[in-house]
Amino acid sequence: MQLPLVLTVIGADRPGLVEKVARLVAEHGGNWLESRMCRLGGQFAGIVRVFTTTDQRAALTQALTALASQGLKVEVYADEPTARANDAQWAVVELVGQDRPGIVRQVAAALAARGVNVEDLRTECVSAPMSGETLFKAEARLQLPAGCDLAALRQDLEKIAADLLVDITCEPLKL
């Protein structure tokens, strides 16, 4: 029987980290399904979804957690997917502005107040083309709860944009 697992991976960045995890998954009859991985601040971090067989779960988990002796911490979780509503609304938010503390907190608070689920969030700081100032950029894919008014959410985000002096767009997304 196929068993889905979710792995979190973190360790000091160096060549071969992905190979170590992928090799162990394959050696234990697993199948790598999807992942998000990147280097942040000298650390390599990722989240991986794999399938393995029920009889291989314990051995795979033991092998992956043993990577800690090589400086790579791997946590293994049972994947318990929740059903997605077919009528769910989706949106994408993009933000660009001068970097300052609290941007993510304010936007996240507005989303949480309306029961919005952040499915994917990507942020980065970049140098502005003309001035060289630090710009903060964010992009988020959102699942809106039933009955969520996208126009009202957009207004909430525009108020935050005005307070923070950033540009925010919030548009429907078709999946």
# chains A, B, ... in the order shown; residues from 1 in each chain; ligands from 1
>>> closest_atom_pairs(of="region 5-27 of chain A", to="region 32-56 of chain A", cutoff="6 Å", atoms="only C-alpha atoms", output="Markdown table")
| residue | atom | partner | partner_atom | distance |
| --- | --- | --- | --- | --- |
| A:Leu5 | CA | A:Val50 | CA | 5.3 |
| A:Val6 | CA | A:Arg49 | CA | 4.5 |
| A:Leu7 | CA | A:Val48 | CA | 5.0 |
| A:Thr8 | CA | A:Ile47 | CA | 4.5 |
| A:Val9 | CA | A:Gly46 | CA | 5.1 |
| A:Ile10 | CA | A:Ala45 | CA | 4.4 |
| A:Gly11 | CA | A:Phe44 | CA | 5.4 |
| A:Ala12 | CA | A:Gln43 | CA | 4.5 |
| A:Asp13 | CA | A:Phe44 | CA | 4.7 |
>>> write_last_selection(atoms="C-alpha atoms", output="short mmCIF file (atom, residue, chain, number, x, y, z; two decimals), in the first residue's frame")
data_model
loop_
_atom_site.label_atom_id
_atom_site.label_comp_id
_atom_site.auth_asym_id
_atom_site.auth_seq_id
_atom_site.Cartn_x
_atom_site.Cartn_y
_atom_site.Cartn_z
CA LEU A 5 4.83 11.34 3.67
CA VAL A 6 5.97 14.93 4.04
CA LEU A 7 9.61 15.60 4.91
CA THR A 8 11.15 18.80 6.20
CA VAL A 9 14.87 19.16 5.54
CA ILE A 10 17.33 21.71 6.91
CA GLY A 11 21.10 21.91 7.17
CA ALA A 12 24.14 23.98 6.32
CA ASP A 13 24.19 24.36 2.55
#
>>> residues_around(residues="region 146-152 of chain A", least_positions_apart="3", cutoff="7 Å", atoms="only C-alpha atoms", output="PyMOL selection string")
chain A and resi 88+155-156
>>> select_by_dssp(residues="chain A", states="alpha helix (DSSP H)", output="number ranges by chain")
A: 17-27, 57-65, 103-113, 150-164
>>> write_last_selection(atoms="C-alpha atoms", output="mmCIF file, in the first residue's frame")
data_model
loop_
_atom_site.group_PDB
_atom_site.id
_atom_site.type_symbol
_atom_site.label_atom_id
_atom_site.label_comp_id
_atom_site.auth_asym_id
_atom_site.auth_seq_id
_atom_site.Cartn_x
_atom_site.Cartn_y
_atom_site.Cartn_z
ATOM 1 C CA LEU A 17 22.214 17.328 0.173
ATOM 2 C CA VAL A 18 19.363 16.685 -2.261
ATOM 3 C CA GLU A 19 21.129 13.564 -3.528
ATOM 4 C CA LYS A 20 21.396 12.151 0.018
ATOM 5 C CA VAL A 21 17.659 12.487 0.597
ATOM 6 C CA ALA A 22 16.690 11.316 -2.908
ATOM 7 C CA ARG A 23 18.956 8.263 -2.638
ATOM 8 C CA LEU A 24 17.393 7.172 0.656
ATOM 9 C CA VAL A 25 13.873 7.654 -0.685
ATOM 10 C CA ALA A 26 14.701 5.530 -3.742
ATOM 11 C CA GLU A 27 16.536 2.870 -1.708
ATOM 12 C CA ARG A 57 7.982 3.739 6.287
ATOM 13 C CA ALA A 58 9.824 2.924 9.523
ATOM 14 C CA ALA A 59 13.085 2.048 7.757
ATOM 15 C CA LEU A 60 12.918 5.166 5.562
ATOM 16 C CA THR A 61 12.166 7.366 8.556
ATOM 17 C CA GLN A 62 15.111 5.891 10.477
ATOM 18 C CA ALA A 63 17.475 6.341 7.519
ATOM 19 C CA LEU A 64 16.390 9.943 6.970
ATOM 20 C CA THR A 65 16.655 10.943 10.629
ATOM 21 C CA ILE A 103 5.086 43.907 6.120
ATOM 22 C CA VAL A 104 4.425 40.158 6.229
ATOM 23 C CA ARG A 105 2.781 40.432 9.648
ATOM 24 C CA GLN A 106 0.304 43.102 8.514
ATOM 25 C CA VAL A 107 -0.638 41.337 5.289
ATOM 26 C CA ALA A 108 -0.905 37.963 7.022
ATOM 27 C CA ALA A 109 -3.146 39.470 9.714
ATOM 28 C CA ALA A 110 -5.525 40.866 7.074
ATOM 29 C CA LEU A 111 -5.685 37.493 5.340
ATOM 30 C CA ALA A 112 -6.229 35.582 8.588
ATOM 31 C CA ALA A 113 -9.012 37.983 9.638
ATOM 32 C CA LEU A 150 -12.509 39.334 -2.983
ATOM 33 C CA ALA A 151 -13.289 43.037 -3.486
ATOM 34 C CA ALA A 152 -13.449 43.586 0.292
ATOM 35 C CA LEU A 153 -10.204 41.676 0.773
ATOM 36 C CA ARG A 154 -8.613 43.817 -1.917
ATOM 37 C CA GLN A 155 -9.757 46.965 -0.062
ATOM 38 C CA ASP A 156 -8.229 45.671 3.190
ATOM 39 C CA LEU A 157 -4.933 45.075 1.401
ATOM 40 C CA GLU A 158 -5.035 48.483 -0.299
ATOM 41 C CA LYS A 159 -5.364 50.156 3.140
ATOM 42 C CA ILE A 160 -2.257 48.291 4.270
ATOM 43 C CA ALA A 161 -0.476 49.298 1.051
ATOM 44 C CA ALA A 162 -1.245 52.953 1.726
ATOM 45 C CA ASP A 163 0.005 52.704 5.332
ATOM 46 C CA LEU A 164 3.217 50.919 4.335
#
>>> select_by_dssp(residues="region 11-175 of chain A", states="strand (DSSP E)", output="PyMOL selection string")
chain A and resi 11-12+31-40+43-53+72-78+89-98+117-127+134-144+166-172
>>> atom_distance(atom1="CA of Glu80 (chain A)", atom2="CA of Pro172 (chain A)")
27.3 Å
>>> closest_residue(among="A:Glu75, A:Ala140, A:Gln98, A:Ala91", to="Ser127 (chain A)", atoms="only C-alpha atoms")
A:Gln98
>>> closest_residue(among="A:Thr169, A:Arg14, A:Lys174, A:Gly132", to="Leu72 (chain A)", atoms="only C-alpha atoms")
A:Arg14
>>> closest_residue(among="A:Gly29, A:Gly71, A:Pro4, A:Gly97", to="Asp167 (chain A)", atoms="only C-alpha atoms")
A:Gly97
>>> closest_residue(among="A:Leu3, A:Phe136, A:Val116, A:Val166", to="Ala78 (chain A)", atoms="only C-alpha atoms")
A:Leu3
>>> atom_distance(atom1="CA of Pro101 (chain A)", atom2="CA of Leu135 (chain A)")
11.9 Å
>>> residues_around(residues="Leu175 (chain A)", least_positions_apart="4", cutoff="12 Å", atoms="only C-alpha atoms", output="PyMOL selection string")
chain A and resi 86-92+141-143
>>> write_last_selection(atoms="C-alpha atoms", output="PDB file, in the first residue's frame")
ATOM      1  CA  ASN A  86     -14.319  22.200  -5.902  1.00  0.00           C
ATOM      2  CA  ASP A  87     -15.941  25.618  -5.619  1.00  0.00           C
ATOM      3  CA  ALA A  88     -12.997  27.194  -3.777  1.00  0.00           C
ATOM      4  CA  GLN A  89     -11.944  30.627  -4.928  1.00  0.00           C
ATOM      5  CA  TRP A  90      -8.283  31.314  -5.510  1.00  0.00           C
ATOM      6  CA  ALA A  91      -6.368  34.567  -5.663  1.00  0.00           C
ATOM      7  CA  VAL A  92      -2.821  35.791  -6.025  1.00  0.00           C
ATOM      8  CA  ARG A 141      -1.276  32.111  -3.733  1.00  0.00           C
ATOM      9  CA  LEU A 142      -4.393  32.160  -1.595  1.00  0.00           C
ATOM     10  CA  GLN A 143      -7.380  29.904  -1.076  1.00  0.00           C
TER      11      GLN A 143
END
